[in-house]
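Visitor: Once you've had a glance at the structure underneath, I'll fire off some questions.
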Amino acid sequence: MRQFLFGAGNASEFQNGISDLKNYIDTHNVSSMILHLYCGLTDTKLIEDRVNTLTKTFPDASLAGVASNGEIKDGKLSPRDILVSAIFFESSTAKVYSYNHAGARTEDIGTAIKETAADTPDLCAIELLFPGSVMNSMGVLNKVSECMPNVCIFGGYPIGHDMDNDKPFVVTENGVDLDTVIAIMYCGKDLYVDADKTAGWEKLGHAFTITKADGHRLAEVDGTPALEVYEKYLQITQAGNFTRDTVEFPLLIVDNGEEILRHAYSYSEDGSIYLSGNVHTGQKLYLTYGNPSGIFEQVNKRCAAVREFEPEVLFLYSCAARKAFWGDDMAGREIAPFGELGSATGFFTGGELIRMSDRGTVFEHNITLLTIAMREGQKKGLVLPKAKIDDSMLVGQAYLLKRLAQLVQSTNDELQRMNEQLQYMAVTDELTNIYNRREIERRINFALKNEYQYENGIGLIMVDIDHFKKVNDILGHDVGDIVLKSVADIYKENIDTNHGEAVGRWGGEEFFLLLPNKTLEETEEKAECIRKAIEEHDFNNIRRLTASFGVIHSSFDQDKKRLYIKVDEALYQAKARGRNCVVVAEK
């Protein structure tokens with residue numbers, strides 16, 4: 001497997017590149033040839049002239065291309081050009097299939113790609129390149145996701161260097177096209193493909209919920225116009241350069257466990273924002289910020305995996321918004337380590353597509369770097385460079401970003417710890433470190449409301465420490481506090497929190513225990529066990545301490561409020577019977 005890279009914008013360089021390809025074909029065994037064109041130049045006539053020359057010179061080769069926001073040559077961001085990548089296979093094949101979507105249902109295109117994949121022997125990977133015209137790509141992706149799970153799927157969307165004015169397009173053997181979906185099938189018994197994504201952006205603040213969305217349009221978050229999230233938390237408003245300002249703070253959505261970045265590129269008067277990718281109502285959403293150190297960590301982790309794979313060819317598909325975040329210099333430095341590991345090419349995209357090996361779904365990504373490594377044959381035990389990137393490579397604004405990211409991360413961590421502490425304090429009794437009355441009551445009411453989930457119903461126990469006033473009056477409140485803590489510890493030792501059991505301080509020396517999915521007999525048995533534990537416990541200065549118990553089961557009364565009244569009555573009956581006993585409420 002061998003790759004040649006050369007520019008096609010300059011006629012002389014283009015002809016020299018073609019000569020190199022001819023020489024290779026004449027001297028090597030070639031089973032298949034795939035040509036990629038990454039078009040930073042938008043001169044349609046020039047592109048089509050180059051396509052005609054390539055297809056006439058190499059009639060058996062497959063050809064595909066895209067408009068590019070930046071061309072990657074040998075793992076470096078090259079000067080703006082039409083970059084040609086020619087990959088020769090020794091035993092494998094790569095074949096291009098084109099699907100015009102003008103007037104066609106995108107689901108039908110997806111079905112056609114899936115059927116072609118099913119009929120392709122030894123299929124290892126599918127590369128998808130979407131056109132520049134507006135289309136619902138999810139119709140295609142949903143069907144392609146149904147392909148065999150062992151098939152790697154990756155790809156990207158075209159976008160020009162001038163993101164606002166250049167029309168994105170794909171390139172076929174017929175030239176520039178705005179209405180065609182391209183699928184490239186890579187197959188071979190001896191072909192190995194390894195693909196992964198790298199992001200590195202950090203969550204900022206709490207999670208929001210998408211309450212109204214339609215495709216690329218994010219209308220409402222937590223019931224308010226989506227634009228207000230940027231205005232309130234980051235002061236990114238309509239008055240500024242919205243597209244540029246939001247590059248540094250993309251949104252992160254969670255889709256079936258997959259974390260996906262979304263760049264907000266525009267807004268409407270009603271407060272909706274438009275994203276480079278689909279979102280859905282009900283998804284969780286976070287603001288994020290770019291942390292250079294975190295990004296480097298992920299890049300280095302991926303470099304190590306690619307080095308272990310021993311690639312012969314590498315595709316690098318990185319987002320144009322990621323390039324805008326870094327700036328051209330740092331964007332080139334980020335991808336440079338991959339160029340040390342193999343022949344690396346690709347482009348800066350308008351969005352990235354990948355299906356991870358452990359998931360069936362093809363996801364759209366933004367601000368993400370895809371690395372697709374390929375080789376023919378088993379690993380040869382090559383000693384490749386330990387390519388990596390570190391903070392010493394940061395220059396200019398990127399270095400300032402690192403310091404600001406460190407400040408944001410440290411502040412965010414501190415606020416998160418404070419918030420967790422406040423949440424703990426809000427539900428916990430300060431003295432005994434068990435739930436307070438508000439929280440145990442909330443948990444009981446929630447369990448009763450969802451009683452249908454529990455086959456055996458719900459048991460409730462109300463406890464009161466016998467003669468506790470005497471402890472405070474004779475031995476003092478400090479000893480009384482020690483007693484309350486010790487009794488709370490006994491409760492905790494006798495409940496199973498993993499199965500939803502809970503205990504809380506009801507008030508003073510009264511406590512409430514919640515036992516989901518427990519029968520009346522099991523609840524009564526638990527109460528008796530705790531009663532004995534308290535009776536037998538050594539409370540130091542107190543010769544003997546006991547407690548009284550009221551027990552009730554959710555099957556006793558359909559009126560949940562009456563359960564509280566009845567269990568309270570059962571507790572007082574235990575007191576009336578001489579204390580230190582368990583009484584079951586009457587039906």
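Residues are named by chain letter and number: chains run A, B, ... in the order of the structure tokens, numbers start at 1 in each chain, and ligands are numbered from 1 in the order shown.
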Can you tell me which residues surround A:Val193 at a distance of at most 9 Å, considering only C-alpha atoms, apart from same-chain residues fewer than 2 positions away, and format the answer as a ChimeraX atom specification?
Guide: /A:124-125,152,191,195,311,372-376
Visitor: Taking the backbone alone, and naming residues the way the document does, which bits of stretch 169-359 of chain A are helix (DSSP H, G or I) by DSSP, as an NGL selection string?
Guide: :A and (227-234 or 242-247 or 292-309 or 320-326 or 328-339)
Visitor: Tell me which protein, DNA and RNA residues are within 9 Å of A:Asp177, counting only C-alpha atoms, leaving out same-chain ones fewer than 5 positions away, and put them as a PyMOL selection string.
Guide: chain A and resi 131-132+169-172
Visitor: Quick one: write out the picked residues with N, CA and C atoms as an mmCIF file, in the first residue's frame?
Guide:
```
data_model
loop_
_atom_site.group_PDB
_atom_site.id
_atom_site.type_symbol
_atom_site.label_atom_id
_atom_site.label_comp_id
_atom_site.auth_asym_id
_atom_site.auth_seq_id
_atom_site.Cartn_x
_atom_site.Cartn_y
_atom_site.Cartn_z
ATOM 1 N N PRO A 131 -22.633 16.138 -0.277
ATOM 2 C CA PRO A 131 -22.576 17.309 -1.157
ATOM 3 C C PRO A 131 -22.758 18.614 -0.394
ATOM 4 N N GLY A 132 -22.620 19.702 -1.122
ATOM 5 C CA GLY A 132 -22.725 21.007 -0.483
ATOM 6 C C GLY A 132 -24.138 21.545 -0.394
ATOM 7 N N PHE A 169 -18.844 21.667 -2.202
ATOM 8 C CA PHE A 169 -19.197 20.742 -3.273
ATOM 9 C C PHE A 169 -18.407 19.451 -3.108
ATOM 10 N N VAL A 170 -18.845 18.419 -3.844
ATOM 11 C CA VAL A 170 -18.053 17.196 -3.967
ATOM 12 C C VAL A 170 -17.544 17.127 -5.399
ATOM 13 N N VAL A 171 -16.588 16.228 -5.613
ATOM 14 C CA VAL A 171 -16.024 16.039 -6.949
ATOM 15 C C VAL A 171 -16.194 14.575 -7.336
ATOM 16 N N THR A 172 -16.762 14.349 -8.504
ATOM 17 C CA THR A 172 -16.893 13.003 -9.055
ATOM 18 C C THR A 172 -16.074 12.930 -10.348
#
```
Visitor: Near A:Gly504, within 10 Å and counting only C-alpha atoms, which residues show up once chain neighbours fewer than 4 positions away are dropped, as a PDB file with C-alpha atoms, in the first residue's frame?
Guide:
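Result went into result-v4.pdb, see below:
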```
ATOM      1  CA  VAL A 427     -30.456  16.783  52.090  1.00  0.00           C
ATOM      2  CA  THR A 428     -28.431  15.783  55.167  1.00  0.00           C
ATOM      3  CA  ASP A 429     -29.113  16.158  58.866  1.00  0.00           C
ATOM      4  CA  THR A 432     -26.392  12.508  62.427  1.00  0.00           C
ATOM      5  CA  ASN A 433     -25.201  12.632  58.770  1.00  0.00           C
ATOM      6  CA  ILE A 434     -28.304  10.786  57.582  1.00  0.00           C
ATOM      7  CA  TYR A 435     -31.085  12.301  55.476  1.00  0.00           C
ATOM      8  CA  ASN A 436     -32.992  15.228  56.961  1.00  0.00           C
ATOM      9  CA  ARG A 437     -36.770  15.234  57.182  1.00  0.00           C
ATOM     10  CA  ARG A 438     -37.296  17.002  53.856  1.00  0.00           C
ATOM     11  CA  GLU A 439     -35.199  14.462  51.952  1.00  0.00           C
ATOM     12  CA  ILE A 440     -36.467  11.256  53.603  1.00  0.00           C
ATOM     13  CA  GLU A 441     -40.038  12.470  53.134  1.00  0.00           C
ATOM     14  CA  ARG A 443     -37.866   9.743  48.976  1.00  0.00           C
ATOM     15  CA  MET A 462     -41.052   4.949  62.341  1.00  0.00           C
ATOM     16  CA  ALA A 488     -28.152   6.753  63.329  1.00  0.00           C
ATOM     17  CA  TYR A 491     -29.733   2.341  61.270  1.00  0.00           C
ATOM     18  CA  LYS A 492     -27.142   2.781  58.503  1.00  0.00           C
ATOM     19  CA  GLU A 510     -37.693  10.306  65.823  1.00  0.00           C
ATOM     20  CA  PHE A 511     -36.482   8.572  62.680  1.00  0.00           C
ATOM     21  CA  PHE A 512     -38.068   7.137  59.527  1.00  0.00           C
ATOM     22  CA  LEU A 513     -36.846   4.127  57.515  1.00  0.00           C
ATOM     23  CA  LEU A 514     -37.844   3.424  53.907  1.00  0.00           C
TER      24      LEU A 514
END
```
Visitor: Counting only C-alpha atoms, figure out which residue out of A:Leu515, A:Ile47, A:Met33, A:Val503 gets nearest to A:Phe14.
Guide: A:Ile47
Visitor: Can you tell me how far atom CA of A:Leu545 sits from atom CA of A:Asp466, in Å to one decimal?
Guide: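 Value for the atom CA of A:Leu545-atom CA of A:Asp466 distance: 7.1 Å.
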Visitor: Determine, counting only C-alpha atoms, which protein, DNA and RNA residues have an atom within 8 Å of an atom of A:Ala207; residues of the same chain fewer than 6 positions away are not included. Present the result as a PyMOL selection string.
Guide: chain A and resi 284-286
Visitor: Would you tabulate, counting only C-alpha atoms, all residues of stretch 39-136 of chain A that have an atom at most 9 Å from an atom of stretch 348-366 of chain A, showing the closest pair of atoms and their distance in Å to one decimal, sorted by chain then ascending number, as a Markdown table?
Guide:
```
| residue | atom | partner | partner_atom | distance |
| --- | --- | --- | --- | --- |
| A:Ala67 | CA | A:Thr349 | CA | 8.4 |
| A:Ser68 | CA | A:Phe348 | CA | 5.9 |
| A:Asn69 | CA | A:Phe348 | CA | 5.0 |
| A:Gly70 | CA | A:Phe348 | CA | 4.9 |
| A:Glu71 | CA | A:Phe348 | CA | 6.7 |
| A:Ile72 | CA | A:Phe348 | CA | 7.8 |
| A:Glu127 | CA | A:Leu353 | CA | 8.9 |
| A:Leu128 | CA | A:Leu353 | CA | 7.7 |
```
Visitor: Go ahead and save the residues from that selection, with N, CA and C atoms, as an mmCIF file, in the first residue's frame.
Guide:
```cif
data_model
loop_
_atom_site.group_PDB
_atom_site.id
_atom_site.type_symbol
_atom_site.label_atom_id
_atom_site.label_comp_id
_atom_site.auth_asym_id
_atom_site.auth_seq_id
_atom_site.Cartn_x
_atom_site.Cartn_y
_atom_site.Cartn_z
ATOM 1 N N ALA A 67 -14.662 20.022 -1.614
ATOM 2 C CA ALA A 67 -14.170 21.357 -1.297
ATOM 3 C C ALA A 67 -13.557 21.312 0.092
ATOM 4 N N SER A 68 -12.454 22.039 0.263
ATOM 5 C CA SER A 68 -11.690 21.932 1.498
ATOM 6 C C SER A 68 -11.452 23.296 2.116
ATOM 7 N N ASN A 69 -11.480 23.340 3.443
ATOM 8 C CA ASN A 69 -11.134 24.553 4.178
ATOM 9 C C ASN A 69 -9.638 24.608 4.486
ATOM 10 N N GLY A 70 -8.953 23.511 4.196
ATOM 11 C CA GLY A 70 -7.519 23.431 4.422
ATOM 12 C C GLY A 70 -7.055 22.057 3.979
ATOM 13 N N GLU A 71 -5.948 21.979 3.249
ATOM 14 C CA GLU A 71 -5.481 20.728 2.688
ATOM 15 C C GLU A 71 -4.311 20.202 3.526
ATOM 16 N N ILE A 72 -4.357 18.913 3.831
ATOM 17 C CA ILE A 72 -3.346 18.298 4.702
ATOM 18 C C ILE A 72 -2.459 17.406 3.849
ATOM 19 N N GLU A 127 -16.256 5.120 3.271
ATOM 20 C CA GLU A 127 -16.023 6.551 3.416
ATOM 21 C C GLU A 127 -17.187 7.297 2.774
ATOM 22 N N LEU A 128 -17.785 8.231 3.514
ATOM 23 C CA LEU A 128 -18.924 9.000 3.026
ATOM 24 C C LEU A 128 -18.525 10.456 2.846
#
```
Visitor: Compare A:Asp328, A:Glu107, A:Glu414, A:Glu310 by their minimum atom-to-atom distance to A:Met138, counting only C-alpha atoms, and give me the closest one.
Guide: A:Glu107
Visitor: Pick from A:Val463, A:Phe446, A:Val247, A:Glu259: nearest to A:Gly500, with only C-alpha atoms counted?
Guide: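 Of the candidates, the smallest distance to A:Gly500 is held by A:Phe446.
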Visitor: Residues at most 9 Å from A:Gln409, counting only C-alpha atoms, excluding those fewer than 5 positions away in the same chain, as a list of chain:residue names?
Guide: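 Selected residues are A:Glu202, A:Leu204, A:Asn291, A:Leu404, A:Glu414.
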Visitor: Output C-alpha atoms of each residue in that selection to a file, as a compact mmCIF listing (two decimals), in the first residue's frame.
Guide:
```txt
# COMPACT_ATOMS: atom_id res chain seq x y z
CA GLU A 202 -14.18 20.47 28.53
CA LEU A 204 -18.43 24.21 31.43
CA ASN A 291 -8.48 23.39 26.85
CA LEU A 404 -7.13 30.92 30.67
CA GLU A 414 -13.94 24.51 42.88
```
Visitor: Which residues are close to A:Lys189, i.e. within 12 Å by only C-alpha atoms, leaving aside same-chain residues fewer than 5 positions away? Reply as a PyMOL selection string.
Guide: chain A and resi 90-93+120-125+375-378
Visitor: If you measure from atom CA of A:Asp557 to atom CA of A:Glu586, what distance in Å do you get, rounded to one decimal?
Guide: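 One can read the atom CA of A:Asp557 to atom CA of A:Glu586 distance as 10.1 Å.
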Visitor: How many Å lie between atom CA of A:Tyr289 and atom CA of A:Ala321, rounded to one decimal?
Guide: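 Atom CA of A:Tyr289 sits 13.1 Å away from atom CA of A:Ala321.
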Visitor: Quick one: DSSP strand (DSSP E or B) residues in stretch 119-296 of chain A, as a count of residues only?
Guide: 79
Visitor: Determine the nearest neighbour of A:Thr198 from the options A:Thr211, A:Thr371, A:Thr281, A:Asn52, counting only C-alpha atoms.
Guide: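 The closest residue to A:Thr198 is A:Thr371.
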